[in-house]
Amino acid sequence: MSLVMRERDGAMGVVTMNHPSRRNALGKALVDDILAAFEAFRTDKVRAVVLRAMPDAKVWSAGHDVNELPQGRRDPLGWDDPLRTLIRAIEDFPAPVIAQCNAGVWGGACEVALACDIVVATPRTTFAVTPAKLGVPYNVTGLLTFFNSVGLAVLKEMVFTARPIPADRAEHLGIVNHVVSEDEIDAHVRDLADAIADNSPLSIGVIKEQLRELAGAHAITPRMFERLQGLRRTVYDSHDYAEGINAFLEKRKPNFTGD
Ligand code: LCV
């Protein structure tokens with residue numbers, strides 16, 4: 001049984017995450033179903049994609065499925081990780097992807113929402129960046145996703161505290177395009193999609209790709225890259241990393257020692 005619902009609504013393709021028992025945690029099964037919807041929408045040449053949760057969802061997405069994170073001594077967010085694959089699929093999709101958020105957006109799901117081209121949220125939506133809460137060394141392109149959407153001071157606060165920020169603050173900071181009430185958000189997103197559909201899909205697709213290339217263009221030397229990867233390895237080889245994962249799985253507060 002699919003973990004998403006897929007529908008066409010005029011020129012837009014809508015994919016709705018529907019795995020409530022896992023709070024839409026982005027495990028391989030859910031991500032594969034989202035990717036299948038994206039492929040179908042690419043074939044149909046939709047003019048916009050909407051990624052959302054069910055209207056009554058308690059959580060938009062709980063982020064990476066912690067059960068699928070390695071216990072240590074292996075990069076937890078490698079190239080082929082489902083979350084990384086989903087982020088690239090959003091960035092590479094030839095039409096705009098709109099994140100329609102209506103509840104808590106956690107960790108890697110926060111990166112998914114910010115990797116989307118437009119973010120529309122309801123007032124009860126919150127955004128949390130959680131690597132430090134779990135003891136995870138986030139990956140370089142993932143940090144760049146946040147860095148391109150969130151000012152550095154706010155990003156540091158979100159990472160270091162791991163506390164969720166509310167939709168209205170996210171809108172004020174320019175992280176979210178619009179905050180709209182629950183009963184108006186569907187029509188608001190459809191109106192955005194219709195406006196996009198009226199314009200040239202070739203021009204939009206090329207400008208989206210140009211902006212992606214420009215946003216990702218950072219002079220990083222091989223020496224710098226290896227240093228960054230080495231720093232991350234000291235974290236995912238650490239006691240604290242294993243403690244963060246195990247504490248989550250054992251439903252207890254982690255005891256980080258800095259080792
Ligand atoms: C697997 C889960 C999850 C989950 N994975 O419901 O950004 S990084 O670096 O941190 C990256 C590695 C990442 O994205 O890590 C994940 C970051 N996510 C979080 O820190 C959010 C963790 N989840 C929660 O804080 C709560 O589940 C929220 C507040 C989202 C929802 O709370 P609520 O009380 O509504 P439960 O906690 O009872 O969760 C319901 C079921 O979903 C599982 C959770 O283990 C529980 O499973 P059981 O019913 O088997 O006990 N679940 C929730 N999040 N990320 N599984």
# chains A, B, ... in the order shown; residues from 1 in each chain; ligands from 1
call {"tool": "residues_near_ligand", "arguments": {"ligand": "ligand 1", "cutoff": "9 Å", "atoms": "only C-alpha atoms and all ligand atoms", "output": "PyMOL selection string"}}
result
chain A and resi 20-27+58-69+76-77+83+104-111+128-139+162+248-251
call {"tool": "write_last_selection", "arguments": {"atoms": "C-alpha atoms", "output": "PDB file, in the first residue's frame"}}
result
ATOM      1  CA  PRO A  20       0.657   8.864  10.192  1.00  0.00           C
ATOM      2  CA  SER A  21       1.859   5.985  12.344  1.00  0.00           C
ATOM      3  CA  ARG A  22       5.451   7.109  11.681  1.00  0.00           C
ATOM      4  CA  ARG A  23       4.548  10.817  11.567  1.00  0.00           C
ATOM      5  CA  ASN A  24       5.579  10.866   7.894  1.00  0.00           C
ATOM      6  CA  ALA A  25       9.181  10.062   8.844  1.00  0.00           C
ATOM      7  CA  LEU A  26      11.221  10.102   5.633  1.00  0.00           C
ATOM      8  CA  GLY A  27      12.283   6.476   5.478  1.00  0.00           C
ATOM      9  CA  LYS A  58      -0.439  15.783  13.600  1.00  0.00           C
ATOM     10  CA  VAL A  59       3.015  16.280  12.019  1.00  0.00           C
ATOM     11  CA  TRP A  60       3.909  17.393   8.479  1.00  0.00           C
ATOM     12  CA  SER A  61       6.996  15.161   8.687  1.00  0.00           C
ATOM     13  CA  ALA A  62       9.174  13.974  11.569  1.00  0.00           C
ATOM     14  CA  GLY A  63      12.254  14.134   9.346  1.00  0.00           C
ATOM     15  CA  HIS A  64      14.720  11.367   8.593  1.00  0.00           C
ATOM     16  CA  ASP A  65      13.566   7.950   9.835  1.00  0.00           C
ATOM     17  CA  VAL A  66      15.905   7.517  12.798  1.00  0.00           C
ATOM     18  CA  ASN A  67      15.485   3.730  12.605  1.00  0.00           C
ATOM     19  CA  GLU A  68      17.280   3.894   9.263  1.00  0.00           C
ATOM     20  CA  LEU A  69      20.258   5.882  10.525  1.00  0.00           C
ATOM     21  CA  PRO A  76      24.566   8.841   8.229  1.00  0.00           C
ATOM     22  CA  LEU A  77      23.686  11.172   5.356  1.00  0.00           C
ATOM     23  CA  LEU A  83      16.623  12.038   2.327  1.00  0.00           C
ATOM     24  CA  GLY A 104       5.483  20.244  12.668  1.00  0.00           C
ATOM     25  CA  VAL A 105       8.370  20.083  10.164  1.00  0.00           C
ATOM     26  CA  TRP A 106      11.353  18.354  11.787  1.00  0.00           C
ATOM     27  CA  GLY A 107      15.012  17.915  10.918  1.00  0.00           C
ATOM     28  CA  GLY A 108      15.572  16.577   7.430  1.00  0.00           C
ATOM     29  CA  ALA A 109      11.936  17.395   6.616  1.00  0.00           C
ATOM     30  CA  CYS A 110      12.779  21.030   7.360  1.00  0.00           C
ATOM     31  CA  GLU A 111      15.488  20.776   4.715  1.00  0.00           C
ATOM     32  CA  ALA A 128      12.939  22.620  13.624  1.00  0.00           C
ATOM     33  CA  VAL A 129      16.551  21.892  12.639  1.00  0.00           C
ATOM     34  CA  THR A 130      17.539  18.919  14.798  1.00  0.00           C
ATOM     35  CA  PRO A 131      21.015  17.451  14.054  1.00  0.00           C
ATOM     36  CA  ALA A 132      22.372  18.675  17.400  1.00  0.00           C
ATOM     37  CA  LYS A 133      19.432  17.121  19.258  1.00  0.00           C
ATOM     38  CA  LEU A 134      20.361  13.708  17.865  1.00  0.00           C
ATOM     39  CA  GLY A 135      24.125  14.195  17.751  1.00  0.00           C
ATOM     40  CA  VAL A 136      24.178  13.951  13.960  1.00  0.00           C
ATOM     41  CA  PRO A 137      26.814  15.681  11.788  1.00  0.00           C
ATOM     42  CA  TYR A 138      24.730  17.162   9.014  1.00  0.00           C
ATOM     43  CA  ASN A 139      26.147  16.931   5.488  1.00  0.00           C
ATOM     44  CA  ALA A 162      17.116  22.544  17.955  1.00  0.00           C
ATOM     45  CA  PHE A 248      15.762   8.409  20.564  1.00  0.00           C
ATOM     46  CA  LEU A 249      15.065   4.731  19.932  1.00  0.00           C
ATOM     47  CA  GLU A 250      14.824   4.065  23.692  1.00  0.00           C
ATOM     48  CA  LYS A 251      12.568   7.130  24.085  1.00  0.00           C
TER      49      LYS A 251
END
call {"tool": "select_by_dssp", "arguments": {"residues": "range 115-218 of chain A", "states": "alpha helix (DSSP H)", "output": "MDAnalysis selection string"}}
result
chainID A and resid 115 131:134 140:149 152:161 167:172 185:197 201:215
call {"tool": "closest_residue", "arguments": {"among": "A:Arg124, A:Arg42, A:Lys28, A:His19", "to": "Glu182 in chain A", "atoms": "only C-alpha atoms"}}
result
A:Arg124
call {"tool": "select_by_dssp", "arguments": {"residues": "range 113-227 of chain A", "states": "strand (DSSP E)", "output": "list of chain:residue names"}}
result
A:Ile118, A:Val119, A:Val120, A:Ala121, A:Thr126, A:Phe127, A:Ala128, A:Ile165, A:Pro166, A:His178, A:Val179
call {"tool": "write_last_selection", "arguments": {"atoms": "all heavy atoms", "output": "compact mmCIF listing (two decimals), in the first residue's frame"}}
result
# COMPACT_ATOMS: atom_id res chain seq x y z
N ILE A 118 8.91 27.11 -3.23
CA ILE A 118 7.99 28.03 -2.53
C ILE A 118 7.46 27.29 -1.29
O ILE A 118 7.19 26.09 -1.37
CB ILE A 118 6.82 28.45 -3.45
CG1 ILE A 118 7.34 29.24 -4.65
CG2 ILE A 118 5.78 29.26 -2.67
CD1 ILE A 118 6.27 29.50 -5.72
N VAL A 119 7.36 27.98 -0.17
CA VAL A 119 6.83 27.35 1.06
C VAL A 119 5.60 28.13 1.50
O VAL A 119 5.66 29.35 1.70
CB VAL A 119 7.87 27.35 2.19
CG1 VAL A 119 7.32 26.61 3.42
CG2 VAL A 119 9.18 26.69 1.73
N VAL A 120 4.48 27.41 1.63
CA VAL A 120 3.25 28.01 2.15
C VAL A 120 2.88 27.21 3.39
O VAL A 120 2.91 25.98 3.36
CB VAL A 120 2.10 27.94 1.12
CG1 VAL A 120 0.85 28.65 1.66
CG2 VAL A 120 2.53 28.61 -0.20
N ALA A 121 2.59 27.91 4.49
CA ALA A 121 2.36 27.22 5.77
C ALA A 121 1.12 27.75 6.46
O ALA A 121 0.68 28.88 6.20
CB ALA A 121 3.59 27.41 6.67
N THR A 126 5.40 24.51 12.42
CA THR A 126 6.67 24.91 13.05
C THR A 126 7.81 24.25 12.26
O THR A 126 7.60 23.25 11.59
CB THR A 126 6.75 24.42 14.51
OG1 THR A 126 6.62 22.98 14.53
CG2 THR A 126 5.66 25.05 15.37
N PHE A 127 8.99 24.84 12.39
CA PHE A 127 10.17 24.35 11.66
C PHE A 127 11.30 24.13 12.66
O PHE A 127 11.65 25.06 13.40
CB PHE A 127 10.59 25.36 10.59
CG PHE A 127 9.54 25.60 9.54
CD1 PHE A 127 8.58 26.61 9.72
CD2 PHE A 127 9.48 24.82 8.39
CE1 PHE A 127 7.60 26.83 8.76
CE2 PHE A 127 8.49 25.04 7.43
CZ PHE A 127 7.55 26.05 7.62
N ALA A 128 11.87 22.92 12.67
CA ALA A 128 12.94 22.62 13.62
C ALA A 128 14.11 21.98 12.90
O ALA A 128 13.93 21.08 12.08
CB ALA A 128 12.43 21.67 14.70
N ILE A 165 10.73 26.79 15.35
CA ILE A 165 10.27 28.18 15.27
C ILE A 165 8.90 28.18 14.61
O ILE A 165 8.62 27.38 13.73
CB ILE A 165 11.26 29.09 14.50
CG1 ILE A 165 11.35 28.74 13.01
CG2 ILE A 165 12.64 29.09 15.15
CD1 ILE A 165 12.07 29.82 12.19
N PRO A 166 8.02 29.09 15.04
CA PRO A 166 6.65 29.12 14.51
C PRO A 166 6.59 29.71 13.11
O PRO A 166 7.49 30.45 12.68
CB PRO A 166 5.90 30.00 15.51
CG PRO A 166 6.94 30.89 16.11
CD PRO A 166 8.23 30.10 16.11
N HIS A 178 4.34 32.38 2.43
CA HIS A 178 3.03 32.86 2.90
C HIS A 178 2.58 32.01 4.09
O HIS A 178 2.81 30.79 4.10
CB HIS A 178 1.96 32.70 1.80
CG HIS A 178 2.31 33.39 0.51
ND1 HIS A 178 2.06 34.73 0.28
CD2 HIS A 178 2.92 32.93 -0.63
CE1 HIS A 178 2.47 35.05 -0.94
NE2 HIS A 178 3.00 33.99 -1.51
N VAL A 179 1.94 32.63 5.07
CA VAL A 179 1.24 31.90 6.13
C VAL A 179 -0.26 32.13 5.90
O VAL A 179 -0.71 33.28 5.81
CB VAL A 179 1.65 32.38 7.53
CG1 VAL A 179 0.82 31.68 8.60
CG2 VAL A 179 3.14 32.09 7.77
call {"tool": "closest_atom_pairs", "arguments": {"of": "range 2-100 of chain A", "to": "range 201-224 of chain A", "cutoff": "9 Å", "atoms": "only C-alpha atoms", "output": "tab-separated table"}}
result
residue	atom	partner	partner_atom	distance
A:Arg47	CA	A:Pro201	CA	6.6
A:Glu91	CA	A:Arg212	CA	7.1
A:Asp92	CA	A:Glu209	CA	7.3
A:Phe93	CA	A:Gly205	CA	8.2
A:Pro94	CA	A:Gly205	CA	4.9
A:Ala95	CA	A:Gly205	CA	5.5
A:Pro96	CA	A:Lys208	CA	7.5
call {"tool": "write_last_selection", "arguments": {"atoms": "N, CA and C atoms", "output": "PDB file, in the first residue's frame"}}
result
ATOM      1  N   ARG A  47       2.979  21.591 -14.450  1.00  0.00           N
ATOM      2  CA  ARG A  47       3.593  22.924 -14.367  1.00  0.00           C
ATOM      3  C   ARG A  47       4.013  23.269 -12.939  1.00  0.00           C
ATOM      4  N   GLU A  91      15.142  19.555  -6.127  1.00  0.00           N
ATOM      5  CA  GLU A  91      15.977  20.581  -6.785  1.00  0.00           C
ATOM      6  C   GLU A  91      16.032  20.382  -8.300  1.00  0.00           C
ATOM      7  N   ASP A  92      15.994  19.117  -8.738  1.00  0.00           N
ATOM      8  CA  ASP A  92      16.149  18.810 -10.168  1.00  0.00           C
ATOM      9  C   ASP A  92      14.833  18.828 -10.932  1.00  0.00           C
ATOM     10  N   PHE A  93      13.697  18.871 -10.181  1.00  0.00           N
ATOM     11  CA  PHE A  93      12.424  18.776 -10.912  1.00  0.00           C
ATOM     12  C   PHE A  93      12.267  19.996 -11.815  1.00  0.00           C
ATOM     13  N   PRO A  94      11.872  19.825 -13.063  1.00  0.00           N
ATOM     14  CA  PRO A  94      11.870  20.932 -14.028  1.00  0.00           C
ATOM     15  C   PRO A  94      10.806  21.998 -13.793  1.00  0.00           C
ATOM     16  N   ALA A  95       9.885  21.760 -12.879  1.00  0.00           N
ATOM     17  CA  ALA A  95       8.862  22.767 -12.558  1.00  0.00           C
ATOM     18  C   ALA A  95       8.970  23.117 -11.071  1.00  0.00           C
ATOM     19  N   PRO A  96       8.381  24.225 -10.660  1.00  0.00           N
ATOM     20  CA  PRO A  96       8.449  24.593  -9.239  1.00  0.00           C
ATOM     21  C   PRO A  96       7.773  23.572  -8.332  1.00  0.00           C
TER      22      PRO A  96
END
call {"tool": "closest_residue", "arguments": {"among": "A:Ala193, A:Ala29, A:Val14, A:Ala37", "to": "Val50 in chain A", "atoms": "only C-alpha atoms"}}
result
A:Val14
call {"tool": "residues_around", "arguments": {"residues": "Glu243 in chain A", "least_positions_apart": "6", "cutoff": "8 Å", "atoms": "only C-alpha atoms", "output": "compact mmCIF listing (two decimals) with N, CA and C atoms, in the first residue's frame"}}
result
# COMPACT_ATOMS: atom_id res chain seq x y z
N GLY A 135 22.68 14.44 17.78
CA GLY A 135 24.13 14.19 17.75
C GLY A 135 24.61 13.82 16.37
N PRO A 254 18.88 12.08 25.75
CA PRO A 254 20.28 11.67 25.59
C PRO A 254 21.17 12.32 26.64
N ASN A 255 22.28 11.65 26.97
CA ASN A 255 23.27 12.22 27.90
C ASN A 255 24.55 12.42 27.11
N PHE A 256 24.68 13.59 26.50
CA PHE A 256 25.85 13.88 25.66
C PHE A 256 27.04 14.26 26.53
call {"tool": "residues_around", "arguments": {"residues": "range 174-177 of chain A", "least_positions_apart": "4", "cutoff": "12 Å", "atoms": "only C-alpha atoms", "output": "ChimeraX atom specification"}}
result
/A:98-101,110-111,113-123,125-127,145-151,154-155,165-170,188-189,192
